[in-house]
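So this block is model-v4.cif, mmCIF, C-alpha atoms:
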data_protein
loop_
_atom_site.group_PDB
_atom_site.id
_atom_site.type_symbol
_atom_site.label_atom_id
_atom_site.label_comp_id
_atom_site.auth_asym_id
_atom_site.auth_seq_id
_atom_site.Cartn_x
_atom_site.Cartn_y
_atom_site.Cartn_z
ATOM 1 C CA MET A 1 75.079 91.807 88.248
ATOM 2 C CA LYS A 2 75.768 92.807 91.844
ATOM 3 C CA SER A 3 78.585 90.251 92.099
ATOM 4 C CA SER A 4 80.119 91.526 88.871
ATOM 5 C CA LEU A 5 80.044 95.105 90.136
ATOM 6 C CA LEU A 6 81.650 94.078 93.408
ATOM 7 C CA MET A 7 84.343 92.195 91.514
ATOM 8 C CA LEU A 8 85.065 95.221 89.324
ATOM 9 C CA PHE A 9 85.164 97.450 92.402
ATOM 10 C CA GLY A 10 87.624 95.077 94.052
ATOM 11 C CA LEU A 11 89.816 95.055 90.968
ATOM 12 C CA ALA A 12 89.784 98.859 90.882
ATOM 13 C CA ILE A 13 90.928 98.984 94.507
ATOM 14 C CA GLY A 14 93.713 96.494 93.732
ATOM 15 C CA VAL A 15 94.941 98.517 90.762
ATOM 16 C CA ASN A 16 94.816 101.707 92.841
ATOM 17 C CA ALA A 17 96.776 100.188 95.708
ATOM 18 C CA PHE A 18 99.633 99.238 93.396
ATOM 19 C CA SER A 19 99.561 102.072 90.876
ATOM 20 C CA GLN A 20 102.741 102.409 88.873
ATOM 21 C CA ILE A 21 104.535 105.711 89.172
ATOM 22 C CA GLU A 22 106.877 107.287 86.640
ATOM 23 C CA ILE A 23 110.138 109.062 87.487
ATOM 24 C CA THR A 24 110.867 112.050 85.244
ATOM 25 C CA THR A 25 113.334 114.918 85.131
ATOM 26 C CA ASN A 26 111.226 116.814 87.687
ATOM 27 C CA HIS A 27 111.796 114.118 90.332
ATOM 28 C CA LEU A 28 115.608 114.282 90.157
ATOM 29 C CA PRO A 29 118.189 116.820 91.375
ATOM 30 C CA ASP A 30 118.874 120.103 89.650
ATOM 31 C CA GLU A 31 120.561 123.449 90.323
ATOM 32 C CA GLY A 32 119.595 124.945 93.684
ATOM 33 C CA ASP A 33 118.390 121.696 95.215
ATOM 34 C CA VAL A 34 119.683 120.340 98.527
ATOM 35 C CA LEU A 35 120.237 116.603 98.803
ATOM 36 C CA ILE A 36 119.858 115.170 102.303
ATOM 37 C CA GLN A 37 120.671 111.512 102.867
ATOM 38 C CA GLN A 38 120.914 109.440 106.037
ATOM 39 C CA ASN A 39 123.333 106.554 106.531
ATOM 40 C CA VAL A 40 121.561 103.733 108.355
ATOM 41 C CA VAL A 41 122.382 100.369 109.869
ATOM 42 C CA GLN A 42 120.314 97.333 108.909
ATOM 43 C CA ASN A 43 118.755 95.847 112.052
ATOM 44 C CA THR A 44 117.256 93.128 109.871
ATOM 45 C CA GLN A 45 118.945 92.070 106.657
ATOM 46 C CA VAL A 46 117.060 93.174 103.574
ATOM 47 C CA ASP A 47 116.419 90.504 100.958
ATOM 48 C CA VAL A 48 117.170 92.596 97.864
ATOM 49 C CA ALA A 49 116.032 89.746 95.597
ATOM 50 C CA ILE A 50 112.400 90.428 96.503
ATOM 51 C CA THR A 51 110.956 92.584 93.738
ATOM 52 C CA GLY A 52 108.525 92.566 90.820
ATOM 53 C CA ALA A 53 105.144 94.013 89.956
ATOM 54 C CA ALA A 54 102.877 95.204 92.803
ATOM 55 C CA THR A 55 105.395 94.377 95.532
ATOM 56 C CA VAL A 56 105.066 95.491 99.144
ATOM 57 C CA TRP A 57 108.471 96.094 100.735
ATOM 58 C CA ASP A 58 107.699 96.276 104.455
ATOM 59 C CA PHE A 59 110.951 97.516 106.017
ATOM 60 C CA ASP A 60 109.284 99.455 108.823
ATOM 61 C CA ASP A 61 111.686 98.500 111.645
ATOM 62 C CA TYR A 62 114.663 97.417 109.555
ATOM 63 C CA PHE A 63 116.953 100.432 109.989
ATOM 64 C CA THR A 64 118.603 102.634 112.623
ATOM 65 C CA PRO A 65 120.095 106.039 111.664
ATOM 66 C CA LEU A 66 123.890 106.250 111.860
ATOM 67 C CA GLY A 67 125.250 109.708 112.650
ATOM 68 C CA ALA A 68 123.960 112.973 111.221
ATOM 69 C CA PRO A 69 122.499 113.236 107.709
ATOM 70 C CA THR A 70 124.819 114.228 104.875
ATOM 71 C CA VAL A 71 123.917 117.441 103.063
ATOM 72 C CA THR A 72 124.960 118.064 99.452
ATOM 73 C CA ASN A 73 124.272 121.323 97.622
ATOM 74 C CA CYS A 74 123.554 121.314 93.899
ATOM 75 C CA ILE A 75 125.418 124.469 92.915
ATOM 76 C CA SER A 76 125.335 126.573 89.778
ATOM 77 C CA ILE A 77 127.981 125.740 87.172
ATOM 78 C CA SER A 78 128.843 129.458 87.080
ATOM 79 C CA THR A 79 130.057 129.333 90.701
ATOM 80 C CA THR A 80 132.729 126.736 89.907
ATOM 81 C CA PRO A 81 136.215 127.837 88.680
ATOM 82 C CA PHE A 82 136.150 129.440 85.231
ATOM 83 C CA THR A 83 138.638 126.936 83.810
ATOM 84 C CA PHE A 84 136.242 124.122 84.702
ATOM 85 C CA GLN A 85 133.320 125.923 83.116
ATOM 86 C CA LEU A 86 135.028 125.660 79.733
ATOM 87 C CA PHE A 87 134.391 121.917 79.911
ATOM 88 C CA PHE A 88 130.884 121.887 81.405
ATOM 89 C CA ASN A 89 129.185 125.218 80.667
ATOM 90 C CA ASN A 90 129.383 125.269 76.888
ATOM 91 C CA PRO A 91 126.049 125.416 75.023
ATOM 92 C CA PHE A 92 127.862 124.349 71.822
ATOM 93 C CA ASP A 93 128.765 121.043 73.456
ATOM 94 C CA GLN A 94 125.344 119.604 74.210
ATOM 95 C CA GLU A 95 126.835 116.269 75.255
ATOM 96 C CA HIS A 96 128.605 117.864 78.250
ATOM 97 C CA ASP A 97 126.666 121.100 78.841
ATOM 98 C CA SER A 98 125.694 120.543 82.478
ATOM 99 C CA ASP A 99 122.947 121.731 84.802
ATOM 100 C CA TYR A 100 124.627 121.664 88.210
ATOM 101 C CA ALA A 101 127.696 120.548 90.139
ATOM 102 C CA THR A 102 128.459 119.080 93.546
ATOM 103 C CA GLY A 103 131.736 119.829 95.285
ATOM 104 C CA ILE A 104 133.992 117.843 97.598
ATOM 105 C CA ASP A 105 137.163 118.924 99.430
ATOM 106 C CA GLN A 106 139.381 116.033 98.388
ATOM 107 C CA LEU A 107 139.245 113.095 96.026
ATOM 108 C CA ASP A 108 141.405 109.986 96.067
ATOM 109 C CA LEU A 109 142.344 108.491 92.693
ATOM 110 C CA ALA A 110 142.974 104.759 92.886
ATOM 111 C CA GLY A 111 144.779 105.208 96.225
ATOM 112 C CA GLN A 112 147.721 106.933 94.503
ATOM 113 C CA PHE A 113 146.923 110.629 94.147
ATOM 114 C CA THR A 114 144.882 113.148 96.103
ATOM 115 C CA VAL A 115 143.279 116.045 94.281
ATOM 116 C CA GLU A 116 141.590 119.079 95.822
ATOM 117 C CA ASP A 117 138.806 121.511 94.951
ATOM 118 C CA ALA A 118 136.981 118.711 93.150
ATOM 119 C CA TYR A 119 133.594 118.943 91.460
ATOM 120 C CA PHE A 120 131.284 116.418 89.857
ATOM 121 C CA TYR A 121 129.071 117.731 87.052
ATOM 122 C CA TYR A 122 125.568 116.527 86.217
ATOM 123 C CA GLN A 123 123.073 116.877 83.426
ATOM 124 C CA ASN A 124 119.321 116.683 84.042
ATOM 125 C CA ARG A 125 117.469 116.544 80.735
ATOM 126 C CA THR A 126 114.054 115.272 79.739
ATOM 127 C CA ASP A 127 115.620 112.158 78.202
ATOM 128 C CA ARG A 128 118.425 111.372 80.681
ATOM 129 C CA PHE A 129 120.079 112.061 84.010
ATOM 130 C CA ALA A 130 123.856 111.802 83.620
ATOM 131 C CA ASN A 131 127.256 112.454 85.170
ATOM 132 C CA THR A 132 129.113 114.460 82.530
ATOM 133 C CA GLY A 133 132.528 114.445 84.188
ATOM 134 C CA MET A 134 134.597 115.950 86.951
ATOM 135 C CA ALA A 135 137.201 118.632 87.547
ATOM 136 C CA ALA A 136 139.781 119.192 90.263
ATOM 137 C CA SER A 137 143.126 120.780 91.115
ATOM 138 C CA LEU A 138 146.375 118.868 91.594
ATOM 139 C CA ASN A 139 149.259 120.950 92.990
ATOM 140 C CA SER A 140 147.304 124.059 91.894
ATOM 141 C CA ILE A 141 147.013 122.692 88.353
ATOM 142 C CA PRO A 142 143.351 122.798 87.210
ATOM 143 C CA LEU A 143 142.263 119.564 85.562
ATOM 144 C CA GLY A 144 138.996 119.097 83.737
ATOM 145 C CA ALA A 145 137.908 115.656 82.612
ATOM 146 C CA GLN A 146 134.762 115.133 80.573
ATOM 147 C CA SER A 147 133.148 111.704 80.591
ATOM 148 C CA THR A 148 133.338 110.500 76.995
ATOM 149 C CA PRO A 149 130.818 109.013 76.560
ATOM 150 C CA VAL A 150 128.934 110.380 79.561
ATOM 151 C CA ASP A 151 127.783 108.152 82.409
ATOM 152 C CA VAL A 152 124.017 107.920 81.877
ATOM 153 C CA ILE A 153 122.716 107.194 85.372
ATOM 154 C CA TYR A 154 119.086 106.948 84.187
ATOM 155 C CA GLU A 155 117.387 107.049 80.821
ATOM 156 C CA LEU A 156 114.181 109.044 81.338
ATOM 157 C CA PRO A 157 111.360 108.675 81.974
ATOM 158 C CA LEU A 158 111.807 105.682 84.258
ATOM 159 C CA GLN A 159 109.029 103.106 84.089
ATOM 160 C CA PHE A 160 108.613 99.504 85.205
ATOM 161 C CA GLU A 161 110.591 97.000 83.084
ATOM 162 C CA ASN A 162 112.762 99.691 81.455
ATOM 163 C CA GLU A 163 116.293 98.489 80.710
ATOM 164 C CA SER A 164 119.348 100.513 79.709
ATOM 165 C CA SER A 165 123.119 100.281 79.542
ATOM 166 C CA SER A 166 125.865 102.876 79.174
ATOM 167 C CA TYR A 167 129.636 102.846 78.866
ATOM 168 C CA SER A 168 131.635 105.848 80.118
ATOM 169 C CA GLU A 169 135.278 106.774 80.274
ATOM 170 C CA ILE A 170 137.015 109.583 82.121
ATOM 171 C CA ASN A 171 140.675 110.595 81.782
ATOM 172 C CA PHE A 172 142.996 112.789 83.834
ATOM 173 C CA GLU A 173 146.466 113.605 82.545
ATOM 174 C CA VAL A 174 149.261 115.808 83.881
ATOM 175 C CA PRO A 175 152.088 115.720 81.298
ATOM 176 C CA THR A 176 155.381 114.277 82.607
ATOM 177 C CA MET A 177 153.646 113.364 85.904
ATOM 178 C CA PHE A 178 150.806 110.839 85.654
ATOM 179 C CA TYR A 179 147.823 109.566 83.729
ATOM 180 C CA TYR A 180 144.564 108.255 85.225
ATOM 181 C CA ARG A 181 141.618 106.621 83.475
ATOM 182 C CA LEU A 182 138.307 105.272 84.787
ATOM 183 C CA GLN A 183 136.334 102.935 82.521
ATOM 184 C CA GLN A 184 132.834 102.025 83.614
ATOM 185 C CA THR A 185 129.792 100.130 82.357
ATOM 186 C CA ARG A 186 126.423 100.730 84.022
ATOM 187 C CA THR A 187 123.474 98.412 83.403
ATOM 188 C CA ASN A 188 120.030 99.362 84.715
ATOM 189 C CA ILE A 189 116.733 97.537 85.004
ATOM 190 C CA VAL A 190 113.577 98.837 86.644
ATOM 191 C CA ASP A 191 112.732 95.461 88.121
ATOM 192 C CA GLY A 192 109.852 96.322 90.444
ATOM 193 C CA TYR A 193 107.173 98.732 91.545
ATOM 194 C CA GLY A 194 104.793 98.923 94.476
ATOM 195 C CA THR A 195 104.764 100.165 98.056
ATOM 196 C CA LEU A 196 107.703 100.797 100.375
ATOM 197 C CA ILE A 197 106.933 100.981 104.112
ATOM 198 C CA ILE A 198 109.750 102.530 106.141
ATOM 199 C CA ASN A 199 109.906 104.434 109.445
ATOM 200 C CA GLY A 200 106.118 104.592 109.669
ATOM 201 C CA ASN A 201 105.780 106.108 106.200
ATOM 202 C CA THR A 202 104.411 104.583 103.001
ATOM 203 C CA PHE A 203 105.705 105.478 99.542
ATOM 204 C CA ASP A 204 104.775 104.508 95.992
ATOM 205 C CA VAL A 205 108.103 103.493 94.466
ATOM 206 C CA LEU A 206 109.957 102.126 91.485
ATOM 207 C CA ARG A 207 112.832 99.744 92.253
ATOM 208 C CA VAL A 208 115.942 100.193 90.079
ATOM 209 C CA ARG A 209 118.780 97.661 90.029
ATOM 210 C CA SER A 210 122.105 98.938 88.666
ATOM 211 C CA GLU A 211 125.214 96.859 88.007
ATOM 212 C CA ILE A 212 128.449 98.855 87.787
ATOM 213 C CA GLU A 213 131.636 97.345 86.420
ATOM 214 C CA ALA A 214 134.653 99.662 86.632
ATOM 215 C CA THR A 215 138.425 99.612 86.158
ATOM 216 C CA ASP A 216 140.984 102.200 87.318
ATOM 217 C CA SER A 217 144.149 102.628 85.246
ATOM 218 C CA VAL A 218 147.168 104.607 86.456
ATOM 219 C CA TYR A 219 150.509 105.362 84.789
ATOM 220 C CA VAL A 220 153.240 107.245 86.683
ATOM 221 C CA ASP A 221 155.864 108.863 84.439
ATOM 222 C CA GLN A 222 158.477 109.179 87.194
ATOM 223 C CA PHE A 223 158.593 105.429 87.721
ATOM 224 C CA GLY A 224 157.845 104.451 84.142
ATOM 225 C CA PHE A 225 155.116 101.982 85.004
ATOM 226 C CA GLY A 226 151.380 101.691 85.360
ATOM 227 C CA PHE A 227 148.693 99.251 86.379
ATOM 228 C CA ASN A 228 145.034 98.380 85.881
ATOM 229 C CA LEU A 229 142.893 97.816 88.973
ATOM 230 C CA PRO A 230 139.440 96.298 88.365
ATOM 231 C CA ARG A 231 136.947 97.291 91.056
ATOM 232 C CA PRO A 232 134.648 94.719 92.660
ATOM 233 C CA LEU A 233 131.265 94.485 90.935
ATOM 234 C CA THR A 234 128.957 97.025 92.566
ATOM 235 C CA VAL A 235 125.198 96.497 92.512
ATOM 236 C CA GLU A 236 122.951 99.384 93.569
ATOM 237 C CA TYR A 237 119.355 98.766 94.634
ATOM 238 C CA LYS A 238 117.346 102.000 94.651
ATOM 239 C CA TRP A 239 113.734 102.581 95.647
ATOM 240 C CA LEU A 240 112.697 105.834 93.925
ATOM 241 C CA SER A 241 109.579 107.844 94.711
ATOM 242 C CA GLN A 242 108.113 111.148 93.587
ATOM 243 C CA ASP A 243 108.373 112.451 97.174
ATOM 244 C CA PHE A 244 112.157 112.849 97.303
ATOM 245 C CA ILE A 245 114.830 113.775 94.758
ATOM 246 C CA VAL A 246 117.140 111.140 96.248
ATOM 247 C CA PRO A 247 116.208 107.456 96.654
ATOM 248 C CA VAL A 248 113.914 106.808 99.613
ATOM 249 C CA LEU A 249 116.155 103.780 100.162
ATOM 250 C CA GLN A 250 119.428 102.758 98.515
ATOM 251 C CA ILE A 251 121.477 99.647 99.263
ATOM 252 C CA ASN A 252 124.876 99.204 97.601
ATOM 253 C CA THR A 253 126.507 95.786 97.535
ATOM 254 C CA GLN A 254 129.868 94.371 96.494
ATOM 255 C CA ASN A 255 130.256 90.649 95.976
ATOM 256 C CA GLY A 256 126.737 90.257 97.366
ATOM 257 C CA ILE A 257 127.562 91.997 100.669
ATOM 258 C CA ALA A 258 125.894 95.289 101.619
ATOM 259 C CA THR A 259 128.515 98.035 101.877
ATOM 260 C CA THR A 260 126.343 101.150 102.173
ATOM 261 C CA THR A 261 122.708 101.654 103.126
ATOM 262 C CA GLN A 262 121.130 105.100 102.890
ATOM 263 C CA THR A 263 117.683 106.605 103.109
ATOM 264 C CA ALA A 264 116.222 109.970 102.252
ATOM 265 C CA ASP A 265 115.784 112.322 105.202
ATOM 266 C CA ILE A 266 112.832 110.397 106.634
ATOM 267 C CA TYR A 267 114.123 110.408 110.210
ATOM 268 C CA THR A 268 114.098 114.180 110.742
ATOM 269 C CA SER A 269 112.040 114.916 113.832
ATOM 270 C CA VAL A 270 110.278 118.135 114.779
ATOM 271 C CA GLU A 271 110.064 117.086 118.436
ATOM 272 C CA GLU A 272 112.869 119.401 119.616
ATOM 273 C CA LEU A 273 111.174 122.345 117.932
ATOM 274 C CA SER A 274 107.836 121.759 119.616
ATOM 275 C CA ASN A 275 109.478 121.171 123.004
ATOM 276 C CA ALA A 276 111.638 124.294 122.862
ATOM 277 C CA LEU A 277 108.730 126.594 122.014
ATOM 278 C CA ASP A 278 105.090 126.678 123.001
ATOM 279 C CA LEU A 279 104.106 125.144 119.698
ATOM 280 C CA ASN A 280 102.089 122.273 118.365
ATOM 281 C CA VAL A 281 103.899 120.786 115.351
ATOM 282 C CA TYR A 282 102.306 117.944 113.391
ATOM 283 C CA PRO A 283 102.457 115.416 111.827
ATOM 284 C CA ASN A 284 105.654 113.938 113.254
ATOM 285 C CA PRO A 285 107.427 112.496 111.365
ATOM 286 C CA ALA A 286 106.418 114.460 108.281
ATOM 287 C CA VAL A 287 106.858 113.646 104.622
ATOM 288 C CA GLU A 288 105.344 116.445 102.524
ATOM 289 C CA SER A 289 104.327 119.239 104.918
ATOM 290 C CA ILE A 290 103.905 120.195 108.562
ATOM 291 C CA GLN A 291 101.474 122.413 110.461
ATOM 292 C CA ILE A 292 102.722 124.774 113.196
ATOM 293 C CA ASN A 293 100.262 126.211 115.693
ATOM 294 C CA GLY A 294 101.379 128.539 118.491
ATOM 295 C CA SER A 295 102.299 132.079 119.419
ATOM 296 C CA PHE A 296 105.517 134.068 119.084
ATOM 297 C CA SER A 297 106.681 137.091 121.028
ATOM 298 C CA GLY A 298 109.331 139.612 120.028
ATOM 299 C CA ASN A 299 111.654 138.943 117.096
ATOM 300 C CA ALA A 300 111.317 135.192 116.873
ATOM 301 C CA SER A 301 112.557 133.008 114.041
ATOM 302 C CA VAL A 302 112.276 129.308 113.399
ATOM 303 C CA MET A 303 114.589 127.213 111.194
ATOM 304 C CA ILE A 304 113.298 123.862 110.021
ATOM 305 C CA ARG A 305 115.652 121.338 108.446
ATOM 306 C CA GLY A 306 114.335 118.578 106.251
ATOM 307 C CA SER A 307 114.309 117.168 102.753
ATOM 308 C CA PHE A 308 113.763 119.618 99.917
ATOM 309 C CA ARG A 309 111.299 118.385 97.333
ATOM 310 C CA LYS A 310 111.796 118.985 93.676
ATOM 311 C CA ARG A 311 110.459 122.171 92.169
ATOM 312 C CA SER A 312 108.687 121.957 88.835
ATOM 313 C CA PHE A 313 110.072 124.090 86.030
ATOM 314 C CA HIS A 314 110.809 123.879 82.316
ATOM 315 C CA LYS A 315 113.683 121.640 81.245
ATOM 316 C CA LYS A 316 115.920 121.995 78.252
ATOM 317 C CA ASN A 317 116.251 119.116 75.796
#

Would you write the structure of this file as structure tokens?
Amino acid sequence: MKSSLLMLFGLAIGVNAFSQIEITTNHLPDEGDVLIQQNVVQNTQVDVAITGAATVWDFDDYFTPLGAPTVTNCISISTTPFTFQLFFNNPFDQEHDSDYATGIDQLDLAGQFTVEDAYFYYQNRTDRFANTGMAASLNSIPLGAQSTPVDVIYELPLQFENESSSYSEINFEVPTMFYYRLQQTRTNIVDGYGTLIINGNTFDVLRVRSEIEATDSVYVDQFGFGFNLPRPLTVEYKWLSQDFIVPVLQINTQNGIATTTQTADIYTSVEELSNALDLNVYPNPAVESIQINGSFSGNASVMIRGSFRKRSFHKKN
């Protein structure tokens, strides 16, 4: 009997150590969130083929930060130009009614045209997380382009062994000038779960593998010709946790070669803060919270930069 109890206890510990998490709408970006990601260099090449149930990915000393983190604001649809809102802020068009947007200064289309004041629009629902389209200005002409169908980045909730596929198409057209189309197929599989060890931190994660096949098509009226340009096959490997609203680790490859490696903001240090003031700040590095002990005099203020975790609130269907 004692041996049986010990065996059951051991099995319970094993199950606990590799508990499967679930990624839902509350663990992904939404309006008001701030996305902080860090480009890193691989000191040791990651074998992305290693995955499966109850996997330990020990990448503790694999990466070195490259430059400053990138910060992306998830802004309200209502703050984007009104013309664009007609495409993405319409409750009567549930397929494209979006929850937030991200903006960029310039966007290059197939190496032929540069557009400005560009926004990408996203939808975060209980059943899916999707890119609903984009909008931009070309020579002061506002252009809105809905993805039809939308690019479903994830079907939710995400669980181990889930598989999904989506086809999307986006079209830009300026009459008498040019026509641009992006066709894309995204295939996802949640091919692993377990523990990711990185920069001294440990995370319970799901591993998602995404294959993206895409083709750009351009037709220029002035020259009376166009062309199709297939993109190299892109494969994204993403380790998702409930601690960050961006992947803890993401490795993008083309033709089997890593092109981009990013982490969540796990390298932010509070050392400068504690050195500059008579403070004791711990733990360092921090994942969920920090403690600050010390004294302030006069009108003192402290700004702390780090990753913003997802807030929990009701979602629309």

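Distance-wise, atom CA of A:Thr202 and atom CA of A:Glu163 end up 26.0 Å apart.
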
Give the answer as one residue: which of A:Gly256, A:Gly200, A:Gly192, A:Gly226 has the shortest atom-to-atom distance to A:Ser19, using only C-alpha atoms? A:Gly192

Report the distance between atom CA of A:Thr185 and atom CA of A:Phe129 in Å, rounded to one decimal place. 15.5 Å

Give me the residues near A:Gln42 as a PyMOL selection string, where near means some atom within 6 Å (using all atoms listed in the file) and where sequence neighbours in that chain fewer than 2 positions away do not count. chain A and resi 44-45+62-63

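Interatomic distance, atom CA of A:Asp93 to atom CA of A:Asn124: 14.8 Å.
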
Output the residue selection produced by the PyMOL selection byres ((chain A and resi 150) around 7) on the file above, formatted as a list in words. Ala130, Asn131, Thr132, Ser147, Thr148, Pro149, Asp151, Val152 and Ser168 of chain A

Neighbour list for stretch 249-251 of chain A as a count of residues only, cut-off 12 Å, only C-alpha atoms, skip fewer than 4 positions in-chain: 48

Out of A:Gln183, A:Phe82, A:Gly144, A:Thr55, which residue has the shortest atom-to-atom distance to A:Asp204 when counting all atoms listed in the file? A:Thr55

List as a PyMOL selection string the protein and nucleic acid residues near A:Thr176, meaning an atom at most 9 Å away when all atoms listed in the file are counted, but skip any in the same chain fewer than 4 places from it. chain A and resi 220-222

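Residues matching the PyMOL selection byres ((chain A and resi 213) around 8) in this structure come to Gln184, Thr185, Arg186, Glu211, Ile212, Ala214, Thr215, Arg231, Pro232, Leu233 and Thr234 of chain A.
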